[in-house]
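*Asks:* Just so it is clear, I am handing over work_9.txt, which has compact mmCIF, C-alpha atoms.
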# COMPACT_ATOMS: atom_id res chain seq x y z
CA MET A 24 69.06 89.58 100.03
CA GLY A 25 68.88 89.44 103.80
CA THR A 26 72.31 87.82 104.00
CA SER A 27 74.14 90.16 101.62
CA VAL A 28 72.83 93.35 103.23
CA THR A 29 74.87 92.59 106.37
CA PHE A 30 78.04 93.58 104.54
CA PHE A 31 76.74 97.11 103.98
CA VAL A 32 75.67 97.53 107.61
CA SER A 33 78.30 95.77 109.74
CA PRO A 34 81.06 94.05 107.72
CA LEU A 35 83.34 91.77 109.76
CA MET A 36 86.57 92.36 107.78
CA ARG A 37 88.34 89.52 109.60
CA SER A 38 92.06 89.20 108.96
CA GLU A 39 91.81 85.50 108.04
CA ALA A 40 89.13 86.30 105.47
CA MET A 41 91.37 88.98 104.01
CA GLU A 42 94.19 86.48 103.60
CA ARG A 43 91.88 84.23 101.60
CA GLU A 44 90.90 87.18 99.45
CA VAL A 45 94.57 87.95 98.75
CA GLN A 46 94.93 84.42 97.39
CA ALA A 47 91.85 84.94 95.21
CA ILE A 48 93.27 88.21 93.88
CA ASP A 49 96.57 86.51 93.07
CA SER A 50 94.77 83.70 91.28
CA GLU A 51 92.91 86.23 89.13
CA PHE A 52 96.16 88.05 88.40
CA ASN A 53 97.84 84.83 87.21
CA THR A 54 94.87 84.20 84.92
CA HIS A 55 95.39 87.63 83.37
CA LEU A 56 99.00 86.76 82.58
CA GLN A 57 97.77 84.52 79.78
CA ASP A 58 95.33 87.05 78.31
CA ASP A 59 96.80 89.32 75.64
CA PHE A 60 94.33 92.16 76.18
CA SER A 61 94.74 92.12 79.96
CA ARG A 62 98.50 92.36 79.44
CA LEU A 63 97.98 95.19 76.97
CA GLY A 64 95.83 97.06 79.48
CA GLN A 65 98.56 96.81 82.09
CA LEU A 66 101.19 97.97 79.60
CA GLN A 67 99.05 100.95 78.65
CA GLY A 68 98.57 101.84 82.30
CA HIS A 69 102.27 101.48 83.10
CA THR A 70 103.34 103.66 80.17
CA SER A 71 100.78 106.42 80.81
CA SER A 72 101.89 109.77 82.19
CA PRO A 73 103.26 109.63 85.77
CA GLY A 74 100.63 110.74 88.28
CA HIS A 75 97.75 110.11 85.88
CA PRO A 76 94.87 107.95 87.26
CA PHE A 77 95.62 105.39 84.53
CA ASN A 78 99.21 105.04 85.73
CA ARG A 79 98.76 102.31 88.29
CA PHE A 80 98.58 98.55 88.80
CA SER A 81 94.93 97.93 88.03
CA CYS A 82 94.33 94.51 89.60
CA GLY A 83 97.05 93.82 92.21
CA ASN A 84 98.55 90.47 93.20
CA LYS A 85 99.97 88.75 96.26
CA LYS A 86 103.38 90.30 95.78
CA SER A 87 102.08 93.86 95.57
CA LEU A 88 99.88 93.40 98.64
CA ASP A 89 102.64 91.69 100.63
CA ASP A 90 105.03 94.50 99.68
CA ALA A 91 102.48 97.02 100.94
CA LYS A 92 102.36 95.25 104.31
CA ASP A 93 106.14 95.13 104.46
CA ASN A 94 106.16 98.90 103.92
CA GLY A 95 104.00 99.39 106.99
CA ILE A 96 100.62 99.72 105.30
CA ASN A 97 97.77 98.19 107.29
CA LEU A 98 95.54 96.67 104.60
CA GLN A 99 92.68 95.97 106.99
CA GLU A 100 92.59 99.58 108.13
CA ARG A 101 92.77 100.82 104.53
CA ILE A 102 89.78 98.67 103.54
CA LEU A 103 87.79 99.84 106.56
CA LYS A 104 88.56 103.46 105.63
CA LEU A 105 87.36 102.77 102.09
CA TYR A 106 84.16 101.32 103.54
CA ARG A 107 83.61 104.27 105.90
CA ASP A 108 84.22 106.87 103.16
CA TYR A 109 82.25 105.39 100.29
CA TYR A 110 79.78 102.75 101.46
CA HIS A 111 76.86 104.98 102.40
CA GLY A 112 73.43 105.70 101.00
CA GLY A 113 74.49 108.88 99.23
CA LEU A 114 76.80 106.99 96.86
CA MET A 115 75.09 103.61 96.59
CA LYS A 116 72.49 102.43 94.08
CA LEU A 117 70.14 99.51 94.63
CA VAL A 118 68.06 97.49 92.19
CA VAL A 119 65.72 94.74 93.41
CA ILE A 120 63.96 92.37 91.01
CA GLY A 121 61.33 89.97 92.31
CA GLY A 122 57.97 88.39 91.59
CA GLU A 123 56.27 90.05 94.55
CA SER A 124 54.26 93.26 94.36
CA LEU A 125 56.02 96.63 94.45
CA ASN A 126 54.58 97.28 97.92
CA VAL A 127 56.09 94.07 99.26
CA LEU A 128 59.47 94.71 97.62
CA GLU A 129 59.53 98.26 98.98
CA HIS A 130 58.72 96.99 102.48
CA TRP A 131 61.59 94.48 102.29
CA VAL A 132 64.04 97.13 101.09
CA LEU A 133 63.12 99.55 103.87
CA GLU A 134 63.33 96.82 106.47
CA LEU A 135 66.61 95.29 105.33
CA PHE A 136 68.49 98.38 104.13
CA GLY A 137 67.14 100.89 106.63
CA ASP A 138 70.29 100.62 108.76
CA VAL A 139 72.69 101.44 105.91
CA LYS A 140 74.65 104.55 106.83
CA LYS A 141 73.20 107.72 105.37
CA GLY A 142 75.39 110.15 103.45
CA PRO A 143 75.29 113.16 101.14
CA GLN A 144 74.00 112.73 97.59
CA VAL A 145 77.13 113.44 95.53
CA LYS A 146 78.39 112.42 92.11
CA LEU A 147 82.05 111.53 92.22
CA GLU A 148 84.16 112.78 89.34
CA PHE A 149 87.86 112.36 88.78
CA LYS A 150 89.55 115.07 86.77
CA THR A 151 93.11 115.31 85.57
CA GLU A 152 95.25 117.61 83.47
CA GLY A 153 97.44 116.62 80.56
CA PRO A 154 97.39 113.70 78.12
CA ILE A 155 97.20 110.06 79.15
CA TRP A 156 100.12 108.98 76.97
CA LYS A 157 103.03 110.65 75.25
CA ALA A 158 102.22 111.04 71.59
CA GLY A 159 104.19 109.44 68.77
CA ARG A 160 105.14 106.13 70.38
CA LEU A 161 104.60 102.59 69.20
CA TYR A 162 104.72 99.75 71.72
CA ARG A 163 105.42 96.17 70.70
CA LEU A 164 104.16 93.51 73.08
CA GLU A 165 104.89 89.81 72.73
CA ALA A 166 101.67 87.84 72.38
CA VAL A 167 100.71 84.75 74.35
CA ASP A 168 98.40 83.52 71.58
CA ASP A 169 99.44 83.02 67.98
CA VAL A 170 98.07 86.36 66.76
CA HIS A 171 99.14 89.63 65.17
CA ILE A 172 97.11 92.58 66.48
CA LEU A 173 97.38 96.25 65.60
CA HIS A 174 95.69 98.25 68.37
CA LEU A 175 95.06 101.95 67.78
CA ALA A 176 93.68 104.20 70.51
CA TRP A 177 92.53 107.82 70.51
CA THR A 178 91.76 109.83 73.66
CA LEU A 179 88.41 111.63 73.53
CA PRO A 180 86.84 113.99 76.07
CA CYS A 181 84.23 112.60 78.44
CA LEU A 182 80.97 112.26 76.51
CA GLN A 183 78.73 111.07 79.35
CA GLU A 184 76.51 114.16 79.31
CA HIS A 185 75.74 113.43 75.64
CA TYR A 186 74.58 109.84 76.16
CA LEU A 187 71.21 110.54 74.48
CA LYS A 188 73.05 111.27 71.23
CA LYS A 189 75.01 107.99 71.17
CA LEU A 190 77.83 109.68 69.30
CA GLU A 191 80.24 106.84 69.95
CA GLY A 192 77.81 104.37 68.41
CA CYS A 193 77.78 106.36 65.18
CA LEU A 194 81.58 106.44 65.01
CA CYS A 195 81.87 102.72 65.77
CA HIS A 196 79.29 101.95 63.11
CA VAL A 197 81.05 103.94 60.38
CA LEU A 198 84.67 103.12 61.17
CA GLY A 199 83.92 99.43 61.76
CA HIS A 200 81.70 99.05 58.70
CA GLU A 201 82.49 95.91 56.66
CA GLY A 202 80.48 96.55 53.48
CA ARG A 203 81.68 97.55 50.04
CA GLY A 204 83.86 100.66 50.05
CA SER A 205 84.72 100.31 53.75
CA LEU A 206 88.19 100.40 55.27
CA TYR A 207 87.78 96.76 56.26
CA SER A 208 86.91 95.59 52.74
CA TYR A 209 89.86 97.49 51.25
CA LEU A 210 92.45 96.08 53.66
CA LYS A 211 90.89 92.60 53.51
CA ALA A 212 91.15 92.59 49.71
CA ARG A 213 94.86 93.32 50.00
CA GLY A 214 95.29 90.30 52.25
CA TRP A 215 96.57 92.36 55.17
CA ILE A 216 93.88 91.86 57.82
CA ARG A 217 91.58 89.15 59.18
CA SER A 218 89.17 91.38 61.08
CA LEU A 219 88.65 95.01 62.12
CA ASP A 220 86.63 96.25 65.06
CA ALA A 221 86.03 99.84 66.17
CA SER A 222 84.71 100.08 69.71
CA LEU A 223 84.30 102.13 72.83
CA SER A 224 83.29 99.85 75.69
CA ARG A 225 81.94 101.01 79.05
CA ILE A 226 85.25 100.14 80.72
CA ASP A 227 86.94 102.67 78.39
CA CYS A 228 84.60 105.47 79.53
CA SER A 229 85.18 107.62 82.59
CA SER A 230 84.92 111.21 83.72
CA VAL A 231 88.66 111.47 82.94
CA ALA A 232 88.41 110.49 79.27
CA TYR A 233 86.87 108.16 76.71
CA ILE A 234 89.24 105.81 74.88
CA PHE A 235 88.19 104.95 71.33
CA CYS A 236 89.92 101.82 70.04
CA MET A 237 90.40 100.16 66.67
CA VAL A 238 91.49 96.53 66.95
CA ILE A 239 92.84 95.05 63.73
CA TYR A 240 93.82 91.37 63.52
CA LEU A 241 96.60 91.16 60.94
CA THR A 242 97.74 88.44 58.58
CA ASP A 243 101.44 87.56 58.34
CA SER A 244 101.81 89.91 55.37
CA GLY A 245 99.82 92.61 57.17
CA LEU A 246 102.30 92.55 60.05
CA GLU A 247 104.90 93.90 57.62
CA LYS A 248 102.56 96.70 56.48
CA ILE A 249 101.69 98.31 59.82
CA PHE A 250 102.50 101.87 58.83
CA GLU A 251 100.81 101.50 55.45
CA ILE A 252 97.67 100.28 57.24
CA ILE A 253 97.76 103.23 59.62
CA GLY A 254 98.07 105.51 56.62
CA PHE A 255 94.95 103.97 55.06
CA VAL A 256 93.10 104.37 58.39
CA TYR A 257 93.70 108.11 58.21
CA GLN A 258 92.83 108.27 54.53
CA TYR A 259 89.49 106.69 55.43
CA ILE A 260 88.98 109.15 58.31
CA GLU A 261 89.77 112.07 56.01
CA LEU A 262 87.28 110.69 53.51
CA LEU A 263 84.63 110.64 56.24
CA ARG A 264 85.21 114.14 57.61
CA PRO A 265 83.19 116.08 55.01
CA MET A 266 80.48 113.44 54.69
CA LEU A 267 80.10 111.72 58.10
CA PRO A 268 77.57 114.07 59.75
CA GLN A 269 74.60 112.61 57.86
CA GLU A 270 71.30 112.39 59.68
CA TRP A 271 70.18 109.22 57.86
CA ILE A 272 72.94 107.28 59.68
CA PHE A 273 71.61 108.52 63.02
CA ARG A 274 68.05 107.60 62.05
CA GLU A 275 69.15 104.13 61.04
CA LEU A 276 70.95 103.60 64.35
CA HIS A 277 67.92 105.03 66.17
CA ASP A 278 65.68 102.41 64.58
CA VAL A 279 68.17 99.60 65.24
CA GLY A 280 68.42 100.66 68.90
CA ASN A 281 64.64 100.56 69.27
CA MET A 282 64.48 97.10 67.70
CA LYS A 283 67.23 95.80 69.99
CA PHE A 284 65.32 97.10 73.01
CA ILE A 285 61.95 95.71 71.92
CA PHE A 286 63.32 92.29 70.99
CA ALA A 287 66.05 92.02 73.64
CA GLU A 288 66.60 88.51 74.93
CA GLU A 289 65.69 87.86 78.54
CA GLN A 290 68.71 88.02 80.86
CA ASP A 291 69.41 86.31 84.14
CA GLN A 292 67.83 88.41 86.85
CA ASP A 293 71.06 88.94 88.77
CA ASP A 294 72.88 90.18 85.64
CA TYR A 295 69.95 92.43 84.72
CA ALA A 296 69.80 93.92 88.21
CA SER A 297 73.56 94.53 88.19
CA GLY A 298 73.35 96.27 84.80
CA LEU A 299 70.49 98.51 85.91
CA ALA A 300 72.38 99.46 89.07
CA GLU A 301 75.30 100.59 86.88
CA ASN A 302 72.89 102.56 84.70
CA LEU A 303 71.64 104.41 87.79
CA LEU A 304 75.13 105.90 88.02
CA CYS A 305 75.19 106.97 84.37
CA TYR A 306 71.68 107.89 83.22
CA ALA A 307 68.77 109.99 84.35
CA THR A 308 66.04 108.05 86.14
CA GLN A 309 63.72 107.93 83.12
CA HIS A 310 66.49 106.37 80.99
CA VAL A 311 67.80 103.70 83.37
CA ILE A 312 66.14 100.83 81.49
CA TYR A 313 66.31 102.30 77.99
CA GLY A 314 69.56 104.27 78.22
CA ASP A 315 71.80 101.67 76.57
CA TYR A 316 69.62 101.71 73.44
CA VAL A 317 68.38 105.29 73.19
CA ASN A 318 69.34 107.54 70.26
CA GLU A 319 67.26 110.59 70.98
CA SER A 320 68.89 113.61 69.34
CA TRP A 321 71.09 114.40 66.34
CA ASP A 322 74.06 116.77 66.82
CA LYS A 323 76.09 117.45 63.69
CA GLU A 324 78.45 119.92 65.39
CA LEU A 325 79.32 117.48 68.18
CA ILE A 326 80.21 114.74 65.68
CA GLU A 327 82.50 117.12 63.80
CA TYR A 328 84.10 118.22 67.09
CA VAL A 329 84.82 114.68 68.28
CA LEU A 330 86.07 113.56 64.88
CA GLY A 331 88.73 116.26 65.24
CA PHE A 332 90.42 114.14 67.92
CA PHE A 333 91.18 111.40 65.37
CA ARG A 334 94.60 112.68 64.39
CA PRO A 335 98.10 111.11 64.51
CA GLU A 336 99.37 113.27 67.37
CA ASN A 337 96.50 111.97 69.56
CA MET A 338 97.01 108.31 68.68
CA ARG A 339 98.64 105.49 70.61
CA ILE A 340 99.88 102.45 68.67
CA ASP A 341 100.31 98.98 70.19
CA VAL A 342 101.36 95.91 68.21
CA ILE A 343 100.78 92.51 69.80
CA SER A 344 102.60 89.61 68.13
CA ASN A 345 105.04 86.83 68.97
CA SER A 346 106.71 87.11 65.56
CA LEU A 347 108.27 90.43 66.54
CA PHE A 348 110.54 88.71 69.05
CA LYS A 349 111.82 85.77 67.01
CA THR A 350 114.93 87.56 65.75
CA LYS A 351 118.04 86.26 67.45
CA GLY A 352 119.34 88.51 70.15
CA GLN A 353 119.53 89.00 73.87
CA LEU A 354 116.74 87.05 75.60
CA GLY A 355 115.39 86.09 72.19
CA TYR A 356 114.14 89.52 71.18
CA VAL A 357 115.49 92.66 69.58
CA VAL A 358 115.72 95.73 71.79
CA LEU A 359 114.35 98.61 69.74
CA CYS A 360 114.04 101.24 72.47
CA GLY A 361 115.11 104.59 71.05
CA TRP A 362 114.66 103.47 67.44
CA THR A 363 112.41 105.78 65.48
CA HIS A 364 110.36 105.34 62.33
CA THR A 365 109.21 108.32 60.31
CA CYS A 366 105.72 107.80 58.91
CA LYS A 367 103.96 110.04 56.41
CA VAL A 368 100.27 110.51 57.07
CA PHE A 369 98.33 112.97 54.94
CA GLY A 370 101.14 115.16 53.77
CA PHE A 371 103.02 115.46 57.05
CA TYR A 372 105.43 113.26 58.91
CA PHE A 373 105.28 112.09 62.47
CA CYS A 374 107.93 110.19 64.34
CA VAL A 375 107.17 106.91 66.08
CA GLN A 376 109.43 105.80 68.90
CA VAL A 377 109.31 102.04 69.28
CA GLN A 378 109.57 100.30 72.65
CA THR A 379 109.48 96.52 73.09
CA HIS A 380 108.00 94.68 76.05
CA PRO A 381 108.39 90.89 76.09
CA PRO A 382 106.75 88.91 78.90
CA SER A 383 108.54 87.85 82.05
CA LYS A 384 107.98 84.72 84.11
CA GLN A 385 109.09 86.45 87.30
CA THR A 386 106.53 86.77 90.04
CA GLY A 387 104.89 90.17 90.16
CA LYS A 388 105.86 91.19 86.64
CA LEU A 389 103.81 91.25 83.51
CA TYR A 390 106.57 92.59 81.27
CA SER A 391 110.33 92.49 81.28
CA GLY A 392 111.59 95.64 82.89
CA LEU A 393 108.14 96.70 84.09
CA THR A 394 107.63 95.93 87.77
CA VAL A 395 103.94 96.14 88.61
Output the file's structure as structure tokens, nothing else.

*Replies:*
Amino acid sequence: MGTSVTFFVSPLMRSEAMEREVQAIDSEFNTHLQDDFSRLGQLQGHTSSPGHPFNRFSCGNKKSLDDAKDNGINLQERILKLYRDYYHGGLMKLVVIGGESLNVLEHWVLELFGDVKKGPQVKLEFKTEGPIWKAGRLYRLEAVDDVHILHLAWTLPCLQEHYLKKLEGCLCHVLGHEGRGSLYSYLKARGWIRSLDASLSRIDCSSVAYIFCMVIYLTDSGLEKIFEIIGFVYQYIELLRPMLPQEWIFRELHDVGNMKFIFAEEQDQDDYASGLAENLLCYATQHVIYGDYVNESWDKELIEYVLGFFRPENMRIDVISNSLFKTKGQLGYVVLCGWTHTCKVFGFYFCVQVQTHPPSKQTGKLYSGLTV
């Protein structure tokens, strides 16, 4: 602890150390090139609305950083400015775990972190106007692995202030249910899917928006039934609308959350401390330890309100597969940009514009035609 605190008090920021870090960043970027979901995340960011916080290169690489230097940007000065603006006591959270008494741990913290720059207690929030993506578009991305994935995403408002209600957990539980009568069991019986997961991870949550995702691994026959599957997704959602706000579901999830907390497996201390520090940014003090498990209040109206965002005009469709690009044509794939497919969902039609994005081996590019 005594060694790491030096960074927060007087970081060296040597130029040679920064060069080594650039190489580390580039190595991480190249690792992401072979991960289908990392590539999907970059595609989603690149195709989001211009000027939106999502519309940027999320991880960087050597090429992007070298280009910045060539354009006259002083990376060292930028990093120092970032440190001066944000690395102060008003924005930082600290968790210390140790076997010593609380008095001893407090003495160490005051002694070691007493020189950290003080600053105002503020909660940073990033707001934006307008949608993240243009509605009614389907993106086809060539897969690295031998998989067929249908990825559906809906943009929800920020739900952080309602964390005690665990609304997203209820929606994930119902939409991802695998028992008899579920969407999964119906599509599985038809031989169209291998698995179905409905989720909203912490990385998909921000003050800008929450992104609710449904990830469906398709069979070969399911790949040919994409629009039929989407239609059944909405039939299932429509089936849930009049019956979903049921308090017994909340009570069941409440009990499961308590059991998970009581019988949680012991974590490595460094991972546990890191997780609690993140929770300090999200939860009230009394919920820092229990906040990930708590289901404290039932709100029928809020569930109905959020379920209203699950509609076709608020949906983004991504299809990840290498079979989509096996048709003979230029560069081994079929260019479908501008092609439209009319899909009927619950009595009305919506138009899907298809855009294809095969991978590129060029340095600094994740997708053909998309410089990042």

*Asks:* How many Å lie between atom CA of Pro34 of chain A and atom CA of Val132 of chain A, rounded to one decimal?

*Replies:*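 Rounded to one decimal, the two atoms are 18.5 Å apart.
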
*Asks:* Excluding segment 93-110 of chain A and its own-chain neighbours fewer than 3 positions away, which residues fall within 10 Å of it when counting only C-alpha atoms? Please give them as a PyMOL selection string.

*Replies:* chain A and resi 30-32+34-38+41+87-90+113-115+139-142

*Asks:* Around (85.6, 113.8, 90.0), as given in the file, which residues come within 10 Å? Count only C-alpha atoms and list them as an MDAnalysis selection string.

*Replies:* chainID A and resid 146:151 229:231

*Asks:* With distances taken over all atoms listed in the file, which of A:Tyr207, A:Trp156, A:Tyr240, A:Tyr316 is nearest to Met282 of chain A?

*Replies:*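 The answer is A:Tyr316, which sits nearest to Met282 of chain A.
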
*Asks:* Might you pull out every residue within 10 Å of Val197 of chain A, with all atoms listed in the file counted and same-chain residues fewer than 5 positions away left off, and present them as a list in words?

*Replies:*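 So, after excluding close chain neighbours, the residues are Gly192, Ser205, Leu206, Ala221, Ile260, Leu263, Leu267 and Ile272 of chain A.
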
*Asks:* Compare A:Ile234, A:Val317, A:Leu223, A:Leu330 by their minimum atom-to-atom distance to Glu261 of chain A, counting all atoms listed in the file, and give me the closest one.

*Replies:*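 Result for the nearest residue to Glu261 of chain A: A:Leu330.
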
*Asks:* Would you kindly return, as a ChimeraX atom specification, each protein, DNA or RNA residue with an atom no farther than 10 Å from any atom of Gln269 of chain A, considering only C-alpha atoms and excluding same-chain residues fewer than 5 positions away?

*Replies:* /A:274,321-323,326

*Asks:* Which residue out of A:Leu117, A:Val279, A:Val342, A:Ile155 has the minimum interatomic distance to Gly245 of chain A when only C-alpha atoms are used?

*Replies:* A:Val342

*Asks:* Considering all atoms listed in the file, can you say which of A:Leu210, A:Val238, A:Cys228, A:Ile216 comes closest to Phe255 of chain A?

*Replies:*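 Smallest separation from Phe255 of chain A among the options: A:Leu210.
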
*Asks:* What's the separation between atom CA of Ala296 of chain A and atom CA of Ala40 of chain A, in Å to one decimal place?

*Replies:* 27.0 Å

*Asks:* Counting only C-alpha atoms, which of A:Ala232, A:Val118, A:Ala91, A:Val329 gets nearest to Tyr295 of chain A?

*Replies:*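 For Tyr295 of chain A, the nearest of the given residues is A:Val118.
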
*Asks:* Between A:Gln65, A:Ser72, A:Gln46, A:Ser344, single out the one closest to Val170 of chain A, counting only C-alpha atoms.

*Replies:*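 Ranked by minimum distance to Val170 of chain A, first place goes to A:Ser344.
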
*Asks:* Ile120 of chain A: which residues within 12 Å, counting all atoms listed in the file, same-chain residues fewer than 4 positions away excluded, as a PDB file with C-alpha atoms, in the frame of the given file?

*Replies:*
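Final file, part33.pdb:
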ATOM      1  CA  MET A  24      69.060  89.580 100.030  1.00  0.00           C
ATOM      2  CA  SER A 124      54.260  93.260  94.360  1.00  0.00           C
ATOM      3  CA  LEU A 125      56.020  96.630  94.450  1.00  0.00           C
ATOM      4  CA  VAL A 127      56.090  94.070  99.260  1.00  0.00           C
ATOM      5  CA  LEU A 128      59.470  94.710  97.620  1.00  0.00           C
ATOM      6  CA  GLU A 129      59.530  98.260  98.980  1.00  0.00           C
ATOM      7  CA  TRP A 131      61.590  94.480 102.290  1.00  0.00           C
ATOM      8  CA  VAL A 132      64.040  97.130 101.090  1.00  0.00           C
ATOM      9  CA  ASP A 291      69.410  86.310  84.140  1.00  0.00           C
ATOM     10  CA  GLN A 292      67.830  88.410  86.850  1.00  0.00           C
ATOM     11  CA  ASP A 293      71.060  88.940  88.770  1.00  0.00           C
ATOM     12  CA  ASP A 294      72.880  90.180  85.640  1.00  0.00           C
ATOM     13  CA  TYR A 295      69.950  92.430  84.720  1.00  0.00           C
ATOM     14  CA  ALA A 296      69.800  93.920  88.210  1.00  0.00           C
ATOM     15  CA  SER A 297      73.560  94.530  88.190  1.00  0.00           C
ATOM     16  CA  GLY A 298      73.350  96.270  84.800  1.00  0.00           C
ATOM     17  CA  LEU A 299      70.490  98.510  85.910  1.00  0.00           C
ATOM     18  CA  ALA A 300      72.380  99.460  89.070  1.00  0.00           C
TER      19      ALA A 300
END

*Asks:* Calculate how many Å separate atom CA of His196 of chain A from atom CA of Tyr306 of chain A, rounding to one decimal.

*Replies:*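 It comes out at 22.3 Å.
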